[in-house]
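The structure file entry32.txt is reproduced below (compact mmCIF, C-alpha atoms).
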# COMPACT_ATOMS: atom_id res chain seq x y z
CA MET A 1 25.02 -3.62 10.31
CA SER A 2 22.48 -0.94 9.46
CA ALA A 3 19.91 -1.20 6.70
CA TRP A 4 21.88 1.29 4.59
CA ALA A 5 25.04 -0.77 4.99
CA ALA A 6 23.12 -3.93 4.11
CA VAL A 7 21.92 -2.38 0.83
CA GLY A 8 25.46 -1.39 -0.08
CA GLN A 9 26.77 -4.83 0.88
CA GLY A 10 24.01 -6.48 -1.14
CA LEU A 11 24.81 -4.46 -4.25
CA ARG A 12 28.50 -5.27 -3.92
CA ARG A 13 27.77 -8.98 -3.54
CA VAL A 14 25.64 -8.95 -6.69
CA GLY A 15 28.37 -6.98 -8.48
CA ARG A 16 30.89 -9.66 -7.54
CA ALA A 17 28.61 -12.38 -8.95
CA PRO A 18 27.87 -11.32 -12.55
CA ALA A 19 27.25 -14.94 -13.52
CA LEU A 20 24.11 -14.92 -11.36
CA VAL A 21 22.70 -11.94 -13.27
CA ALA A 22 23.63 -13.53 -16.60
CA GLY A 23 22.11 -16.84 -15.54
CA THR A 24 18.80 -15.37 -14.43
CA TRP A 25 18.65 -13.35 -17.66
CA ALA A 26 19.23 -16.59 -19.60
CA LEU A 27 16.40 -18.22 -17.60
CA THR A 28 14.12 -15.32 -18.56
CA LEU A 29 15.03 -15.74 -22.23
CA LEU A 30 14.52 -19.50 -22.02
CA VAL A 31 10.88 -18.95 -21.03
CA SER A 32 10.11 -15.89 -23.15
CA VAL A 33 11.84 -16.58 -26.48
CA PRO A 34 9.63 -19.56 -27.45
CA LEU A 35 6.53 -17.45 -26.81
CA ALA A 36 8.04 -14.59 -28.81
CA ALA A 37 8.80 -16.94 -31.69
CA VAL A 38 5.21 -18.20 -31.75
CA MET A 39 3.94 -14.62 -31.65
CA ARG A 40 6.24 -13.65 -34.51
CA GLY A 41 4.86 -16.46 -36.65
CA MET A 42 1.28 -15.45 -35.95
CA LEU A 43 1.96 -11.80 -36.76
CA ALA A 44 3.84 -12.67 -39.95
CA GLN A 45 1.03 -14.95 -41.10
CA HIS A 46 -1.64 -12.33 -40.42
CA LEU A 47 0.24 -9.41 -41.95
CA GLY A 48 1.77 -11.15 -44.93
CA SER A 49 2.81 -8.63 -47.57
CA SER A 50 -0.16 -6.32 -47.01
CA LEU A 51 -0.05 -2.57 -46.63
CA ALA A 52 -0.79 -3.04 -42.94
CA ALA A 53 2.66 -4.63 -42.57
CA ASP A 54 4.40 -1.39 -43.56
CA SER A 55 2.09 0.60 -41.29
CA ALA A 56 2.74 -1.71 -38.34
CA ALA A 57 6.51 -1.51 -38.88
CA SER A 58 6.57 2.29 -38.99
CA GLY A 59 4.25 2.95 -36.04
CA VAL A 60 1.14 1.76 -34.22
CA ASN A 61 -1.81 0.66 -36.35
CA TYR A 62 -4.60 0.41 -33.78
CA ASP A 63 -7.17 -0.71 -36.35
CA TRP A 64 -5.00 -3.61 -37.41
CA MET A 65 -4.24 -4.49 -33.75
CA GLN A 66 -7.96 -4.67 -33.04
CA GLU A 67 -8.51 -6.82 -36.12
CA PHE A 68 -5.69 -9.16 -35.05
CA ALA A 69 -7.00 -9.37 -31.46
CA ASP A 70 -10.50 -10.31 -32.64
CA GLN A 71 -9.25 -13.44 -34.39
CA ALA A 72 -6.23 -14.31 -32.22
CA SER A 73 -5.99 -17.28 -29.88
CA GLY A 74 -3.39 -18.66 -27.51
CA VAL A 75 -0.41 -16.37 -27.04
CA GLY A 76 -1.81 -14.05 -29.72
CA VAL A 77 -4.41 -12.63 -27.32
CA THR A 78 -1.58 -10.91 -25.40
CA PHE A 79 -0.62 -8.71 -28.37
CA ARG A 80 -2.02 -5.29 -27.50
CA SER A 81 -0.79 -1.73 -27.42
CA THR A 82 -0.02 -2.21 -23.73
CA VAL A 83 2.94 -4.48 -24.53
CA ILE A 84 4.88 -1.60 -26.10
CA GLY A 85 7.65 0.08 -24.10
CA PHE A 86 6.84 1.38 -20.63
CA ALA A 87 3.14 0.62 -21.13
CA ALA A 88 3.97 -3.02 -20.40
CA VAL A 89 5.23 -2.06 -16.92
CA LEU A 90 2.07 -0.09 -16.18
CA ASP A 91 -0.14 -2.88 -17.52
CA ASN A 92 1.55 -5.44 -15.27
CA LEU A 93 1.24 -3.13 -12.26
CA SER A 94 -2.44 -2.51 -12.99
CA ALA A 95 -3.13 -6.22 -13.37
CA PHE A 96 -1.36 -6.92 -10.08
CA VAL A 97 -3.13 -4.34 -7.90
CA ASP A 98 -6.55 -5.03 -9.46
CA ASN A 99 -6.09 -8.83 -9.44
CA VAL A 100 -6.81 -9.14 -13.17
CA PRO A 101 -6.47 -12.74 -14.40
CA ARG A 102 -4.01 -13.27 -17.24
CA PRO A 103 -4.58 -15.51 -20.30
CA LEU A 104 -3.95 -19.19 -19.70
CA VAL A 105 -0.83 -19.28 -21.89
CA VAL A 106 0.70 -16.41 -19.90
CA ALA A 107 -0.18 -18.08 -16.60
CA ALA A 108 1.42 -21.33 -17.80
CA ALA A 109 4.62 -19.53 -18.85
CA ALA A 110 4.70 -17.66 -15.54
CA SER A 111 4.30 -20.93 -13.63
CA LEU A 112 7.22 -22.43 -15.55
CA TYR A 113 9.28 -19.31 -14.84
CA ILE A 114 8.49 -19.48 -11.12
CA LEU A 115 9.46 -23.16 -11.09
CA GLY A 116 12.79 -22.24 -12.67
CA TRP A 117 13.36 -19.59 -10.00
CA LEU A 118 12.53 -22.12 -7.28
CA PHE A 119 15.25 -24.36 -8.66
CA VAL A 120 17.99 -21.72 -8.86
CA ALA A 121 17.00 -19.82 -5.69
CA GLY A 122 18.98 -22.09 -3.37
CA GLY A 123 22.14 -21.77 -5.46
CA ILE A 124 21.73 -18.00 -5.79
CA ILE A 125 21.26 -17.35 -2.08
CA ASP A 126 24.09 -19.77 -1.23
CA ARG A 127 26.47 -17.91 -3.58
CA LEU A 128 25.39 -14.50 -2.28
CA ALA A 129 25.67 -15.65 1.34
CA ARG A 130 29.22 -16.97 0.90
CA ASP A 131 30.22 -13.95 -1.20
CA ARG A 132 32.83 -15.98 -3.06
CA PRO A 133 32.84 -18.24 -6.10
CA ILE A 134 31.45 -21.73 -5.50
CA ARG A 135 31.79 -22.93 -9.11
CA ALA A 136 29.16 -24.78 -11.08
CA HIS A 137 29.17 -27.96 -8.97
CA GLY A 138 28.71 -25.95 -5.77
CA PHE A 139 25.96 -23.83 -7.26
CA PHE A 140 23.92 -26.67 -8.72
CA SER A 141 24.47 -28.81 -5.63
CA ALA A 142 22.80 -26.08 -3.57
CA CYS A 143 20.06 -25.80 -6.21
CA GLY A 144 19.34 -29.52 -5.92
CA VAL A 145 19.44 -29.56 -2.11
CA PHE A 146 17.03 -26.66 -1.65
CA PHE A 147 14.73 -27.18 -4.64
CA PHE A 148 12.42 -29.65 -2.92
CA ARG A 149 12.57 -27.69 0.33
CA PHE A 150 11.55 -24.54 -1.53
CA LEU A 151 8.77 -26.48 -3.23
CA ARG A 152 7.33 -27.11 0.24
CA LEU A 153 7.82 -23.44 1.06
CA ALA A 154 6.07 -22.55 -2.21
CA ALA A 155 3.06 -24.58 -1.10
CA ALA A 156 2.80 -22.40 2.01
CA GLN A 157 3.25 -19.30 -0.15
CA TRP A 158 0.48 -20.45 -2.47
CA ILE A 159 -1.92 -20.83 0.47
CA VAL A 160 -1.08 -17.35 1.79
CA TYR A 161 -1.27 -15.59 -1.57
CA ALA A 162 -4.41 -17.48 -2.52
CA PHE A 163 -6.00 -16.08 0.62
CA LEU A 164 -4.75 -12.56 -0.12
CA PHE A 165 -5.77 -12.45 -3.78
CA GLY A 166 -8.69 -14.85 -3.62
CA MET A 167 -10.41 -13.61 -0.46
CA MET A 168 -8.82 -10.46 0.94
CA HIS A 169 -8.65 -8.56 -2.36
CA PRO A 170 -12.34 -9.20 -3.27
CA TRP A 171 -13.40 -8.26 0.25
CA LEU A 172 -11.47 -4.99 0.18
CA PHE A 173 -12.37 -3.84 -3.32
CA ASP A 174 -15.68 -5.57 -4.11
CA ARG A 175 -17.38 -5.32 -0.71
CA LEU A 176 -15.67 -2.77 1.54
CA TYR A 177 -14.89 -0.16 -1.13
CA PRO A 178 -18.49 0.14 -2.43
CA ARG A 179 -19.68 0.67 1.16
CA MET A 180 -17.01 3.32 1.72
CA ILE A 181 -18.11 5.39 -1.28
CA HIS A 182 -21.83 4.63 -1.11
CA GLU A 183 -22.74 8.21 -0.24
CA VAL A 184 -19.65 9.91 -1.66
CA SER A 185 -20.32 12.47 -4.38
CA VAL A 186 -16.77 13.79 -4.86
CA GLU A 187 -14.65 11.72 -7.23
CA ARG A 188 -11.43 12.75 -5.52
CA THR A 189 -12.65 11.31 -2.22
CA ALA A 190 -13.48 8.01 -3.91
CA PHE A 191 -10.02 7.98 -5.49
CA PHE A 192 -8.26 8.47 -2.15
CA ALA A 193 -10.43 5.80 -0.56
CA ARG A 194 -9.41 3.29 -3.22
CA ALA A 195 -5.77 4.40 -2.97
CA ALA A 196 -5.88 3.79 0.79
CA LEU A 197 -7.14 0.25 0.18
CA TYR A 198 -4.33 -0.28 -2.33
CA VAL A 199 -1.87 0.74 0.39
CA VAL A 200 -3.44 -1.68 2.88
CA PHE A 201 -3.35 -4.54 0.40
CA GLY A 202 0.17 -3.65 -0.69
CA VAL A 203 1.41 -3.67 2.90
CA LEU A 204 -0.08 -7.13 3.45
CA VAL A 205 1.54 -8.50 0.29
CA ALA A 206 4.86 -6.84 1.12
CA ALA A 207 4.83 -8.24 4.67
CA CYS A 208 4.28 -11.76 3.38
CA SER A 209 6.96 -11.30 0.72
CA VAL A 210 9.51 -10.19 3.32
CA ILE A 211 8.69 -13.13 5.59
CA PHE A 212 9.09 -15.67 2.79
CA ASP A 213 12.32 -14.00 1.62
CA TYR A 214 13.87 -14.30 5.08
CA ALA A 215 12.56 -17.87 5.31
CA LYS A 216 14.59 -18.68 2.18
CA VAL A 217 17.62 -16.88 3.57
CA ARG A 218 17.47 -18.70 6.89
CA ALA A 219 16.83 -22.03 5.18
CA VAL A 220 20.00 -21.67 3.09
CA VAL A 221 22.32 -19.98 5.59
CA GLU A 222 21.37 -22.31 8.45
CA ASP A 223 20.72 -25.39 6.26
CA ARG A 224 17.18 -25.75 7.62
CA ARG A 225 15.09 -28.70 6.46
CA SER A 226 11.75 -27.67 7.94
CA MET A 227 10.19 -24.85 5.93
CA LEU A 228 7.60 -24.19 8.62
CA GLY A 229 10.51 -23.80 11.01
CA ALA A 230 12.18 -21.44 8.55
CA ILE A 231 9.01 -19.33 8.34
CA ASN A 232 8.76 -19.19 12.13
CA ALA A 233 12.45 -18.27 12.38
CA ALA A 234 11.99 -15.56 9.74
CA ILE A 235 9.08 -14.05 11.68
CA GLY A 236 11.20 -14.15 14.83
CA PHE A 237 14.14 -12.40 13.14
CA ILE A 238 11.91 -9.69 11.65
CA SER A 239 10.15 -9.08 14.98
CA ARG A 240 13.50 -8.70 16.78
CA ASN A 241 14.95 -6.48 14.03
CA TYR A 242 11.78 -4.78 12.88
CA ALA A 243 13.21 -1.32 12.18
CA ALA A 244 16.19 -2.61 10.19
CA ALA A 245 14.14 -5.15 8.22
CA VAL A 246 11.44 -2.64 7.26
CA THR A 247 13.98 0.07 6.40
CA LEU A 248 15.93 -2.38 4.27
CA PHE A 249 12.82 -3.43 2.40
CA LEU A 250 11.87 0.19 1.72
CA LEU A 251 15.38 0.97 0.47
CA ASP A 252 15.26 -2.04 -1.85
CA VAL A 253 11.85 -0.90 -3.13
CA LEU A 254 13.27 2.57 -3.79
CA LEU A 255 16.10 0.96 -5.72
CA PHE A 256 13.59 -0.92 -7.86
CA ALA A 257 11.54 2.25 -8.32
CA ALA A 258 14.67 4.07 -9.52
CA VAL A 259 15.26 1.40 -12.17
CA VAL A 260 11.63 1.66 -13.31
CA ALA A 261 11.82 5.47 -13.39
CA ILE A 262 14.95 5.43 -15.55
CA TYR A 263 13.29 2.97 -17.92
CA ALA A 264 10.22 5.21 -18.10
CA LEU A 265 12.45 8.04 -19.33
CA ILE A 266 14.29 6.05 -22.00
CA ALA A 267 11.78 3.31 -22.89
CA PRO A 268 11.41 2.94 -26.67
CA GLY A 269 8.12 3.67 -28.36
CA ALA A 270 6.41 1.86 -31.19
CA GLY A 271 7.69 1.68 -34.73
CA GLY A 272 11.12 2.07 -36.20
CA ALA A 273 13.32 -0.23 -38.18
CA GLY A 274 16.98 -0.93 -38.67
CA ALA A 275 19.30 0.55 -36.04
CA MET A 276 16.47 2.18 -34.05
CA MET A 277 14.72 -1.16 -33.70
CA TRP A 278 17.85 -2.80 -32.29
CA ILE A 279 18.52 0.14 -29.97
CA GLY A 280 14.99 -0.20 -28.61
CA PHE A 281 15.51 -3.94 -28.16
CA ALA A 282 18.81 -3.34 -26.32
CA ILE A 283 17.18 -0.81 -23.97
CA GLY A 284 14.44 -3.30 -23.15
CA GLN A 285 16.97 -6.03 -22.40
CA LEU A 286 19.06 -3.70 -20.24
CA TYR A 287 15.94 -2.93 -18.22
CA ILE A 288 15.30 -6.64 -17.72
CA VAL A 289 18.91 -7.19 -16.61
CA ALA A 290 18.71 -4.24 -14.20
CA ARG A 291 15.42 -5.51 -12.79
CA LEU A 292 16.91 -8.96 -12.24
CA ALA A 293 19.97 -7.44 -10.58
CA VAL A 294 17.70 -5.55 -8.18
CA LYS A 295 15.83 -8.78 -7.39
CA LEU A 296 19.15 -10.43 -6.52
CA ALA A 297 20.08 -7.35 -4.48
CA PHE A 298 16.93 -7.92 -2.40
CA TRP A 299 18.15 -11.39 -1.43
CA ALA A 300 21.77 -10.29 -1.04
CA SER A 301 20.96 -7.35 1.25
CA GLU A 302 18.56 -9.45 3.36
CA THR A 303 21.23 -12.13 3.65
CA ALA A 304 23.86 -9.57 4.64
CA LEU A 305 21.57 -8.11 7.31
CA PHE A 306 20.75 -11.54 8.75
CA GLN A 307 24.40 -12.61 8.82
CA SER A 308 25.46 -9.37 10.52
CA ARG A 309 22.82 -9.75 13.25
CA LEU A 310 22.96 -13.49 14.01
CA ALA A 311 26.18 -14.80 12.48
CA HIS A 312 29.01 -13.18 10.52
CA ALA A 313 29.65 -12.16 6.92
CA GLY A 314 30.04 -15.16 4.64
CA TYR A 315 28.70 -17.65 7.19
CA VAL A 316 26.82 -20.63 5.74
CA ALA A 317 26.24 -23.75 7.82
CA ARG A 318 26.34 -26.13 4.87
CA PRO A 319 29.87 -26.85 3.60
CA VAL A 320 30.67 -26.28 -0.06
CA PRO A 321 30.60 -29.63 -1.86
CA LEU A 322 33.96 -30.48 -3.42
CA TRP A 323 34.32 -32.48 -6.60
CA PRO A 324 35.99 -35.73 -5.50
CA ASP A 325 39.62 -36.01 -6.46
CA SER A 326 39.65 -39.66 -7.42
CA PRO A 327 40.14 -41.87 -10.50
CA THR A 328 36.39 -42.50 -10.53
CA ALA A 329 35.74 -38.78 -10.87
CA ASP A 330 38.27 -38.56 -13.70
CA MET A 331 36.40 -41.25 -15.60
CA MET A 332 33.04 -39.44 -15.40

For the structure just supplied, provide its representation as structure tokens.
Amino acid sequence: MSAWAAVGQGLRRVGRAPALVAGTWALTLLVSVPLAAVMRGMLAQHLGSSLAADSAASGVNYDWMQEFADQASGVGVTFRSTVIGFAAVLDNLSAFVDNVPRPLVVAAAASLYILGWLFVAGGIIDRLARDRPIRAHGFFSACGVFFFRFLRLAAAQWIVYAFLFGMMHPWLFDRLYPRMIHEVSVERTAFFARAALYVVFGVLVAACSVIFDYAKVRAVVEDRRSMLGAINAAIGFISRNYAAAVTLFLLDVLLFAAVVAIYALIAPGAGGAGAMMWIGFAIGQLYIVARLAVKLAFWASETALFQSRLAHAGYVARPVPLWPDSPTADMM
């Protein structure tokens, strides 16, 4: 199977598993809605029935935002103009490439979200690998089996990403970059030098991401218990199928970029009430659903490529657990 065929197969597998998209969207809401409710209470308390409330509802009141930010704490410190529409995407991208630390409350919510993904990842990949319904008991059985294995894999990921963001990023941008532009007088040259370092860092992060993705795929498809073995097997598969793996990753990235580009064109701005407010909310949620579907397509296409090269479509070593047909089961 070629990389192009793997992308198509991955999209079809995700399309045949709408419950996975709905479930990951529900997981996203489960983490974000409590924070949104707290934020709503803080905004309502600060605005009250003042004239600033009408101004904030009809557009962007930067003076009031600054006033709110000066006295805010907790989740309130995240309320800025950069959370509106497509600006939120750019703000997240900027924070990622420049390694900007997020407020503690955001980091805690993100950690909880990652933990939730670690739990469901085994069930998701198992369902996508089999490409047929496995029902709730099959899904959550796979989640339970692979959760603690993926926790061990996450420990290895943490070490790698801590090195990349804690040591490699500061070395590239705080030490190497100043030396590169020490005698540069043209701003454009300095820009291209920094852009080149972004590309280097991005390639390193992408390479690690691909390795850990295939480690998850091999762990689930082959029912591997050793996560170090899964990482080594993933590196071996990528090295033997380098062109296909890299092409597939680039195609998946282009798919994600297309979703982001469409959202950039239709993303709602600030202000509005009534129907326009709900339309803007719906567009934002559709973007989240599309982004989650693309994330699942990454796993599905990588799984399809691996199965086509080393096994066959739908192959999973671990049998689907069946609910026991017994009087004891009927009593539960």

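Nearest residue to Ala22 of chain A, choosing from A:Val289, A:Val316, A:Leu250, A:Leu204 and counting all atoms listed in the file: A:Val289.
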
Residues within 10 Å of segment 233-248 of chain A, only C-alpha atoms, excluding chain neighbours under 3 positions, as an MDAnalysis selection string: chainID A and resid 1:7 206:208 210:219 227:230 251:254 298 301:302 305:306 309:310

Protein and nucleic acid residues near (16.5, -17.9, -4.5) (cut-off 12 Å, all atoms listed in the file) as a PyMOL selection string: chain A and resi 20+24+114-129+139+142-143+146-147+149-151+153-154+212-221+292+295-300+302-303

Gap from atom CA of Asp223 of chain A to atom CA of Val320 of chain A - Å, one decimal: 11.8 Å

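The two atoms in question, atom CA of Gln307 of chain A and atom CA of Gly8 of chain A, are spaced 14.4 Å apart.
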
Spatial neighbours of segment 186-197 of chain A, max dist 8 Å, all atoms listed in the file, sep filter under 2 positions, as number ranges by chain: A: 172-173, 177, 180-181, 184, 199-201

Point (-1.2, -7.6, -9.4), cut-off 12 Å, counting only C-alpha atoms, residues as a list in words: Val89, Leu90, Asp91, Asn92, Leu93, Ser94, Ala95, Phe96, Val97, Asp98, Asn99, Val100, Pro101, Arg102, Tyr161, Leu164, Phe165, Gly166, His169, Tyr198, Phe201, Gly202 and Val205 of chain A

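Between Met39 of chain A and the residues A:Phe163, A:Pro178, A:Ala72, A:Ala17, the shortest atom-to-atom distance, using all atoms listed in the file, involves A:Ala72.
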
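Relative to atom CA of Trp25 of chain A, atom CA of Ile288 of chain A is found at 7.5 Å.
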
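When only C-alpha atoms are used to measure the gap to Val259 of chain A, the shortest distance among A:Ala275, A:Ser209, A:Ala290, A:Gln285 belongs to A:Ala290.
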
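Residue nearest Gly138 of chain A, chosen from A:Arg318, A:Gly280, A:Val14, A:Ile159 and counting all atoms listed in the file: A:Arg318.
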